[in-house]
Amino acid sequence: MAQHLSFQTAARYQQRVRATAPLVHCMTNEVVTNWTANVLLAAGASPAMLADASEAEVFAAIASALLINLGTLHVAQTQAMTAAVDATRRSGKPWVLDPVAVGVLPLRTRFCHDLLGEKPTVIRGNPSEILALAGEASEVRGPDSTQGSDDALTAAERLARDVKTIVAVTGATDYITDGKRTIRVDNGHPLLQRVTGTGCALSALVAAYVSTASNEAEVLEAAASACAVFSVAGEEAAQLAHHKGPGSFAVYLLDALATLDEAILERKMQRRMQK
Amino acid sequence: MAQHLSFQTAARYQQRVRATAPLVHCMTNEVVTNWTANVLLAAGASPAMLADASEAEVFAAIASALLINLGTLHVAQTQAMTAAVDATRRSGKPWVLDPVAVGVLPLRTRFCHDLLGEKPTVIRGNPSEILALAGEASEVRGPDSTQGSDDALTAAERLARDVKTIVAVTGATDYITDGKRTIRVDNGHPLLQRVTGTGCALSALVAAYVSTASNEAEVLEAAASACAVFSVAGEEAAQLAHHKGPGSFAVYLLDALATLDEAILERKMQRRMQK
Amino acid sequence: MAQHLSFQTAARYQQRVRATAPLVHCMTNEVVTNWTANVLLAAGASPAMLADASEAEVFAAIASALLINLGTLHVAQTQAMTAAVDATRRSGKPWVLDPVAVGVLPLRTRFCHDLLGEKPTVIRGNPSEILALAGEASEVRGPDSTQGSDDALTAAERLARDVKTIVAVTGATDYITDGKRTIRVDNGHPLLQRVTGTGCALSALVAAYVSTASNEAEVLEAAASACAVFSVAGEEAAQLAHHKGPGSFAVYLLDALATLDEAILERKMQRRMQK
């Protein structure tokens with residue numbers, strides 16, 4: 001039975017990120033680099049993006065966390081990503097895997113399974129991706145999921161246990177699980193699906209948040225807090241963009257990430273739990 | 001003599017795209033990936049972008065249409081693009097060529113002429129690009145055209161006949177032609193020239209629209225409908241951004257693409273025809 | 001003793017850029033391509049971005065100025081960049097170096113020192129980068145500076161003399177120096193630090209501005225004018241985005257760059273000098 005995250009917990013991790021401005025090394029797809037950097041900056045973290053394998057390795061020792069996103073993976077990148085993951089693990093820092101469109105496409109599917117052996121701290125994906133990664137039949141059409149997060153919950157829990165990691169499967173409801181304990185976040189808004197890279201940016205935010213955790217229980221809470229803050233910001237942004245569409249929504253999402261406080265988290269998170 | 005597109009036709013194809021959410025595989029330049037994806041999402045289509053040659057080939061069989069944009073072409077990309085075009089043609093799907101800055105620059109000019117042999121379903125370019133592609137003298141300075149679309153109409157018609165394709169030459173007036181029948185779209189706004197990648201994003205939208213066509217006459221109408229919807233959205237956005245400039249305009253353009261309905265198409269398209 | 005820039009000078013160079021729409025060839029990092037292009041368009045310049053070495057070389061002869069930004073440098077890019085710099089120098093055009101995160105990271109640090117031998121017309125960096133480039137101890141954490149521009153002024157002046165170039169070190173105060181004469185710009189707003197790529201885009205704007213200079217004294221003034229126009233636009237944008245955060249701010253920054261006139265420059269620049 002999934003538990004709700006308290007607004008106090010979400011606010012605590014939000015505060016930690018704003019106070020420490022963790023430096024997140026993002027090796028992400030070329031569609032979302034700018035957007036991801038702006039989401040991190042708005043949320044109080046600090047982005048860095050490097051392409052060269054030798055530099056990625058050096059930088060892993062400086063950064064607070066690493067994000068690996070496979071959206072526009074090409075062969076030459078796999079080497080730089082592996083070097084960065086290895087260096088991150090050696091320095092004891094967390095890393096997050098975003099397995100974009102895993103399942104159908106051959107290069108990323110093979111590479112993704114290699115990366116599971118490198119023990120990602122968190123895997124953040126949509127339901128189709130998490131089902132594919134857990135070896136279950138899933139419908140993958142492109143980067144967007146055709147299935148709901150409830151369909152993927154059991155697979156997420158099993159995957160978390162098998163890989164000894166935390167899995168965040170996000171959608172209308174987000175589930176964040178270590179395979180034993182599962183936290184649910186019910187906030188969010190459909191406009192989040194109409195802006196490219198919201199899932200990718202959330203993965204970067206998860207990396208920022210888990211870098212402030214000091215033990216495994218905190219990693220679970222930190223990952224869930226990133227999902228909660230992002231989802232509540234989505235609700236705020238949708239209100240501000242009322243009747244205006246995805247362009248305004250994306251702008252206000254950045255504004256909301258920067259201005260969201262504990263009072264807003266309380267109001268939005270409590271309301272959802274009462275439904 | 002170019003015909004005007006009726007607002008009913010534009011609305012019909014807009015409705016088809018929103019109902020079917022075609023998956024558009026975009027192999028486009030690195031400047032406009034995010035913007036193109038957001039334009040497609042706002043318009044009701046679904047974007048996907050892949051970099052690896054083996055994945056691009058696999059994905060071509062899944063996608064509804066392919067876009068090839070040469071804006072930041074490098075040698076390694078030509079192979080992945082050729083593989084994707086071949087796979088798209090084998091699966092009977094449409095593909096759109098955006099020949100950014102063809103003419104002056106050597107790599108893309110050679111590659112572009114190779115691609116003409118692969119029978120693009122539609123070529124969408126600015127007047128300078130269409131003139132260059134048709135082998136006529138044109139002034140190319142950079143990615144922006146220095147000539148008007150009227151100057152390129154005859155060249156567009158000849159190119160369409162020679163390559164047996166549809167050519168959309170866009171500017172203050174858009175002309176969409178199969179070499180025999182030519183449709184004109186008079187909507188649009190000068191602010192479209194002040195945001196990078198509006199032409200590139202329109203090419204992606206053309207790919208989405210033509211994927212809903214079921215014969216050659218429909219391809220012509222679908223391509224013209226994409227131009228009309230985009231141009232009318234530009235007028236809407238300019239009104240919303242009144243006295244505010246290109247930043248606001250780009251945001252409202254996404255909003256307008258998402259919210260535009262048949263009543264707005266009727267009002268804006270009728271008014272232009274009466275001029 | 002650093003001099004203030006007069007608003008009349010800033011307005012004069014702004015006018016020149018708007019009148020001539022200089023074509024700026026940007027070889028920049030993949031995080032900021034779209035943003036940089038939109039900043040240039042908003043400011044009245046014309047952006048062009050090419051990836052292939054052979055095309056970059058050809059294009060250098062056509063463009064008005066070249067920007068080299070090392071943000072996501074990888075080995076394969078160094079060759080294309082060197083070819084573009086050589087071609088730019090041969091054609092007597094200016095080029096601007098943005099040494100993102102130089103100092104810690106090995107590839108860019110080596111390449112950056114090679115590029116100093118190619119006599120950049122202007123180097124634009126944050127205080128940490130300028131200190132690192134001048135061979136002084138600096139704290140580099142990522143792409144963002146941890147030091148103020150006052151700390152780097154002496155290093156900037158020495159670097160300018162040693163390399164025989166102009167150095168713009170930007171932050172809360174911007175200093176633009178040829179090693180003998182130093183101009184200060186006191187405008188700006190902290191929200192400029194909350195949007196990714198503002199420094200990178202400013203470097204592109206410096207390239208556009210210096211392309212309108214006809215001698216060395218003008219290059220110094222043109223570079224300072226770009227800093228002033230950008231900083232004043234930041235103040236305007238912050239006012240328009242009041243209490244709204246970095247998403248709105250970025251949108252209004254583009255609007256402000258497009259709409260800023262001499263009256264606003266006078267009001268904002270005079271007020272700062274009186275402090």
# chains A, B, ... in the order shown; residues from 1 in each chain; ligands from 1

$ interface_residues --of "chain A" --to "chain C" --cutoff "6 Å" --atoms "only C-alpha atoms" --output "list of chain:residue names"
A:Thr33, A:Asn34, A:Asn38, A:Leu41, A:Leu50, A:Ala51, A:Asp52, A:Glu55, A:Val251, A:Leu254, A:Asp255

$ write_last_selection --atoms "all heavy atoms" --output "PDB file, in the first residue's frame"
ATOM      1  N   THR A  33      18.372  20.028 -23.348  1.00  0.00           N
ATOM      2  CA  THR A  33      19.490  20.565 -22.568  1.00  0.00           C
ATOM      3  C   THR A  33      19.143  21.922 -21.950  1.00  0.00           C
ATOM      4  O   THR A  33      19.311  22.119 -20.745  1.00  0.00           O
ATOM      5  CB  THR A  33      20.745  20.733 -23.447  1.00  0.00           C
ATOM      6  OG1 THR A  33      20.371  21.371 -24.672  1.00  0.00           O
ATOM      7  CG2 THR A  33      21.370  19.396 -23.765  1.00  0.00           C
ATOM      8  N   ASN A  34      18.665  22.836 -22.771  1.00  0.00           N
ATOM      9  CA  ASN A  34      18.381  24.191 -22.284  1.00  0.00           C
ATOM     10  C   ASN A  34      17.270  24.177 -21.243  1.00  0.00           C
ATOM     11  O   ASN A  34      17.381  24.793 -20.174  1.00  0.00           O
ATOM     12  CB  ASN A  34      17.984  25.067 -23.479  1.00  0.00           C
ATOM     13  CG  ASN A  34      17.826  26.514 -23.097  1.00  0.00           C
ATOM     14  OD1 ASN A  34      16.739  26.942 -22.738  1.00  0.00           O
ATOM     15  ND2 ASN A  34      18.899  27.271 -23.148  1.00  0.00           N
ATOM     16  N   ASN A  38      17.423  25.202 -17.250  1.00  0.00           N
ATOM     17  CA  ASN A  38      16.566  26.240 -16.677  1.00  0.00           C
ATOM     18  C   ASN A  38      15.682  25.711 -15.550  1.00  0.00           C
ATOM     19  O   ASN A  38      15.423  26.434 -14.583  1.00  0.00           O
ATOM     20  CB  ASN A  38      15.742  26.910 -17.777  1.00  0.00           C
ATOM     21  CG  ASN A  38      16.544  27.991 -18.484  1.00  0.00           C
ATOM     22  OD1 ASN A  38      17.435  28.608 -17.888  1.00  0.00           O
ATOM     23  ND2 ASN A  38      16.255  28.218 -19.754  1.00  0.00           N
ATOM     24  N   LEU A  41      18.029  25.528 -12.512  1.00  0.00           N
ATOM     25  CA  LEU A  41      18.301  26.877 -11.986  1.00  0.00           C
ATOM     26  C   LEU A  41      17.075  27.437 -11.264  1.00  0.00           C
ATOM     27  O   LEU A  41      17.199  28.027 -10.187  1.00  0.00           O
ATOM     28  CB  LEU A  41      18.713  27.823 -13.118  1.00  0.00           C
ATOM     29  CG  LEU A  41      20.153  27.701 -13.621  1.00  0.00           C
ATOM     30  CD1 LEU A  41      20.327  28.489 -14.907  1.00  0.00           C
ATOM     31  CD2 LEU A  41      21.143  28.192 -12.558  1.00  0.00           C
ATOM     32  N   LEU A  50      28.492  18.577 -20.075  1.00  0.00           N
ATOM     33  CA  LEU A  50      29.757  18.384 -20.753  1.00  0.00           C
ATOM     34  C   LEU A  50      29.616  17.261 -21.752  1.00  0.00           C
ATOM     35  O   LEU A  50      28.868  16.308 -21.515  1.00  0.00           O
ATOM     36  CB  LEU A  50      30.837  18.005 -19.743  1.00  0.00           C
ATOM     37  CG  LEU A  50      31.120  19.071 -18.686  1.00  0.00           C
ATOM     38  CD1 LEU A  50      31.776  18.454 -17.475  1.00  0.00           C
ATOM     39  CD2 LEU A  50      32.010  20.134 -19.286  1.00  0.00           C
ATOM     40  N   ALA A  51      30.352  17.320 -22.837  1.00  0.00           N
ATOM     41  CA  ALA A  51      30.182  16.313 -23.883  1.00  0.00           C
ATOM     42  C   ALA A  51      31.376  15.374 -24.005  1.00  0.00           C
ATOM     43  O   ALA A  51      31.224  14.207 -24.335  1.00  0.00           O
ATOM     44  CB  ALA A  51      29.945  17.015 -25.220  1.00  0.00           C
ATOM     45  N   ASP A  52      32.561  15.882 -23.730  1.00  0.00           N
ATOM     46  CA  ASP A  52      33.778  15.119 -23.971  1.00  0.00           C
ATOM     47  C   ASP A  52      34.000  14.075 -22.877  1.00  0.00           C
ATOM     48  O   ASP A  52      33.829  14.358 -21.680  1.00  0.00           O
ATOM     49  CB  ASP A  52      34.963  16.100 -24.011  1.00  0.00           C
ATOM     50  CG  ASP A  52      36.270  15.396 -24.246  1.00  0.00           C
ATOM     51  OD1 ASP A  52      36.475  14.928 -25.378  1.00  0.00           O
ATOM     52  OD2 ASP A  52      37.049  15.280 -23.293  1.00  0.00           O
ATOM     53  N   GLU A  55      36.563  15.038 -20.115  1.00  0.00           N
ATOM     54  CA  GLU A  55      36.063  16.086 -19.225  1.00  0.00           C
ATOM     55  C   GLU A  55      34.932  15.580 -18.339  1.00  0.00           C
ATOM     56  O   GLU A  55      34.830  15.960 -17.166  1.00  0.00           O
ATOM     57  CB  GLU A  55      35.611  17.292 -20.043  1.00  0.00           C
ATOM     58  CG  GLU A  55      36.763  17.982 -20.753  1.00  0.00           C
ATOM     59  CD  GLU A  55      36.446  19.408 -21.170  1.00  0.00           C
ATOM     60  OE1 GLU A  55      35.244  19.764 -21.258  1.00  0.00           O
ATOM     61  OE2 GLU A  55      37.390  20.170 -21.388  1.00  0.00           O
ATOM     62  N   VAL A 251       6.548  28.502 -19.317  1.00  0.00           N
ATOM     63  CA  VAL A 251       7.161  29.694 -18.707  1.00  0.00           C
ATOM     64  C   VAL A 251       6.793  29.768 -17.225  1.00  0.00           C
ATOM     65  O   VAL A 251       7.642  29.978 -16.356  1.00  0.00           O
ATOM     66  CB  VAL A 251       6.686  30.966 -19.443  1.00  0.00           C
ATOM     67  CG1 VAL A 251       7.143  32.218 -18.706  1.00  0.00           C
ATOM     68  CG2 VAL A 251       7.195  30.967 -20.879  1.00  0.00           C
ATOM     69  N   LEU A 254       8.569  27.305 -14.781  1.00  0.00           N
ATOM     70  CA  LEU A 254       9.854  27.780 -14.254  1.00  0.00           C
ATOM     71  C   LEU A 254       9.624  28.787 -13.132  1.00  0.00           C
ATOM     72  O   LEU A 254      10.278  28.739 -12.083  1.00  0.00           O
ATOM     73  CB  LEU A 254      10.694  28.405 -15.374  1.00  0.00           C
ATOM     74  CG  LEU A 254      11.164  27.458 -16.480  1.00  0.00           C
ATOM     75  CD1 LEU A 254      11.879  28.231 -17.577  1.00  0.00           C
ATOM     76  CD2 LEU A 254      12.083  26.373 -15.922  1.00  0.00           C
ATOM     77  N   ASP A 255       8.692  29.708 -13.348  1.00  0.00           N
ATOM     78  CA  ASP A 255       8.393  30.697 -12.304  1.00  0.00           C
ATOM     79  C   ASP A 255       7.929  29.998 -11.019  1.00  0.00           C
ATOM     80  O   ASP A 255       8.354  30.359  -9.915  1.00  0.00           O
ATOM     81  CB  ASP A 255       7.281  31.649 -12.777  1.00  0.00           C
ATOM     82  CG  ASP A 255       7.776  32.626 -13.841  1.00  0.00           C
ATOM     83  OD1 ASP A 255       8.982  32.601 -14.160  1.00  0.00           O
ATOM     84  OD2 ASP A 255       6.965  33.404 -14.361  1.00  0.00           O
TER      85      ASP A 255
END

$ select_by_dssp --residues "stretch 173-272 of chain C" --states "helix (DSSP H, G or I)" --output "NGL selection string"
:C and (190-194 or 198-210 or 216-240 or 246-259 or 262-272)

$ select_by_dssp --residues "stretch 51-216 of chain C" --states "strand (DSSP E or B)" --output "count of residues only"
27

$ residues_around --residues "stretch 89-92 of chain A" --least-positions-apart "3" --cutoff "10 Å" --atoms "only C-alpha atoms" --output "list in words"
Ala60, Ala61, Ile62, Ala63, Ser64, Ala65, Leu66, Ala84, Val85, Asp86, Trp95, Glu118, Lys119, Pro120 and Thr121 of chain A

$ residues_around --residues "A:Gly199" --least-positions-apart "5" --cutoff "12 Å" --atoms "only C-alpha atoms" --output "MDAnalysis selection string"
chainID A and resid 28:29 32 35:36 39 69 71 97:101 123:127 129 143:145 168:171 174 188 192:194 204:206 226:227 230:231 234

$ residues_around --residues "stretch 149-158 of chain C" --least-positions-apart "6" --cutoff "12 Å" --atoms "only C-alpha atoms" --output "PyMOL selection string"
chain C and resi 1-2+122-139+164-186

$ atom_distance --atom1 "atom CA of B:His189" --atom2 "atom CA of B:Cys112"
29.0 Å

$ closest_residue --among "C:Val229, C:Ala256, C:Ala10, C:Leu115" --to "C:Val163" --atoms "only C-alpha atoms"
C:Leu115

$ atom_distance --atom1 "atom CA of B:Ala45" --atom2 "atom CA of B:Tyr13"
12.0 Å

$ atom_distance --atom1 "atom CA of C:Ala228" --atom2 "atom CA of C:His4"
10.2 Å
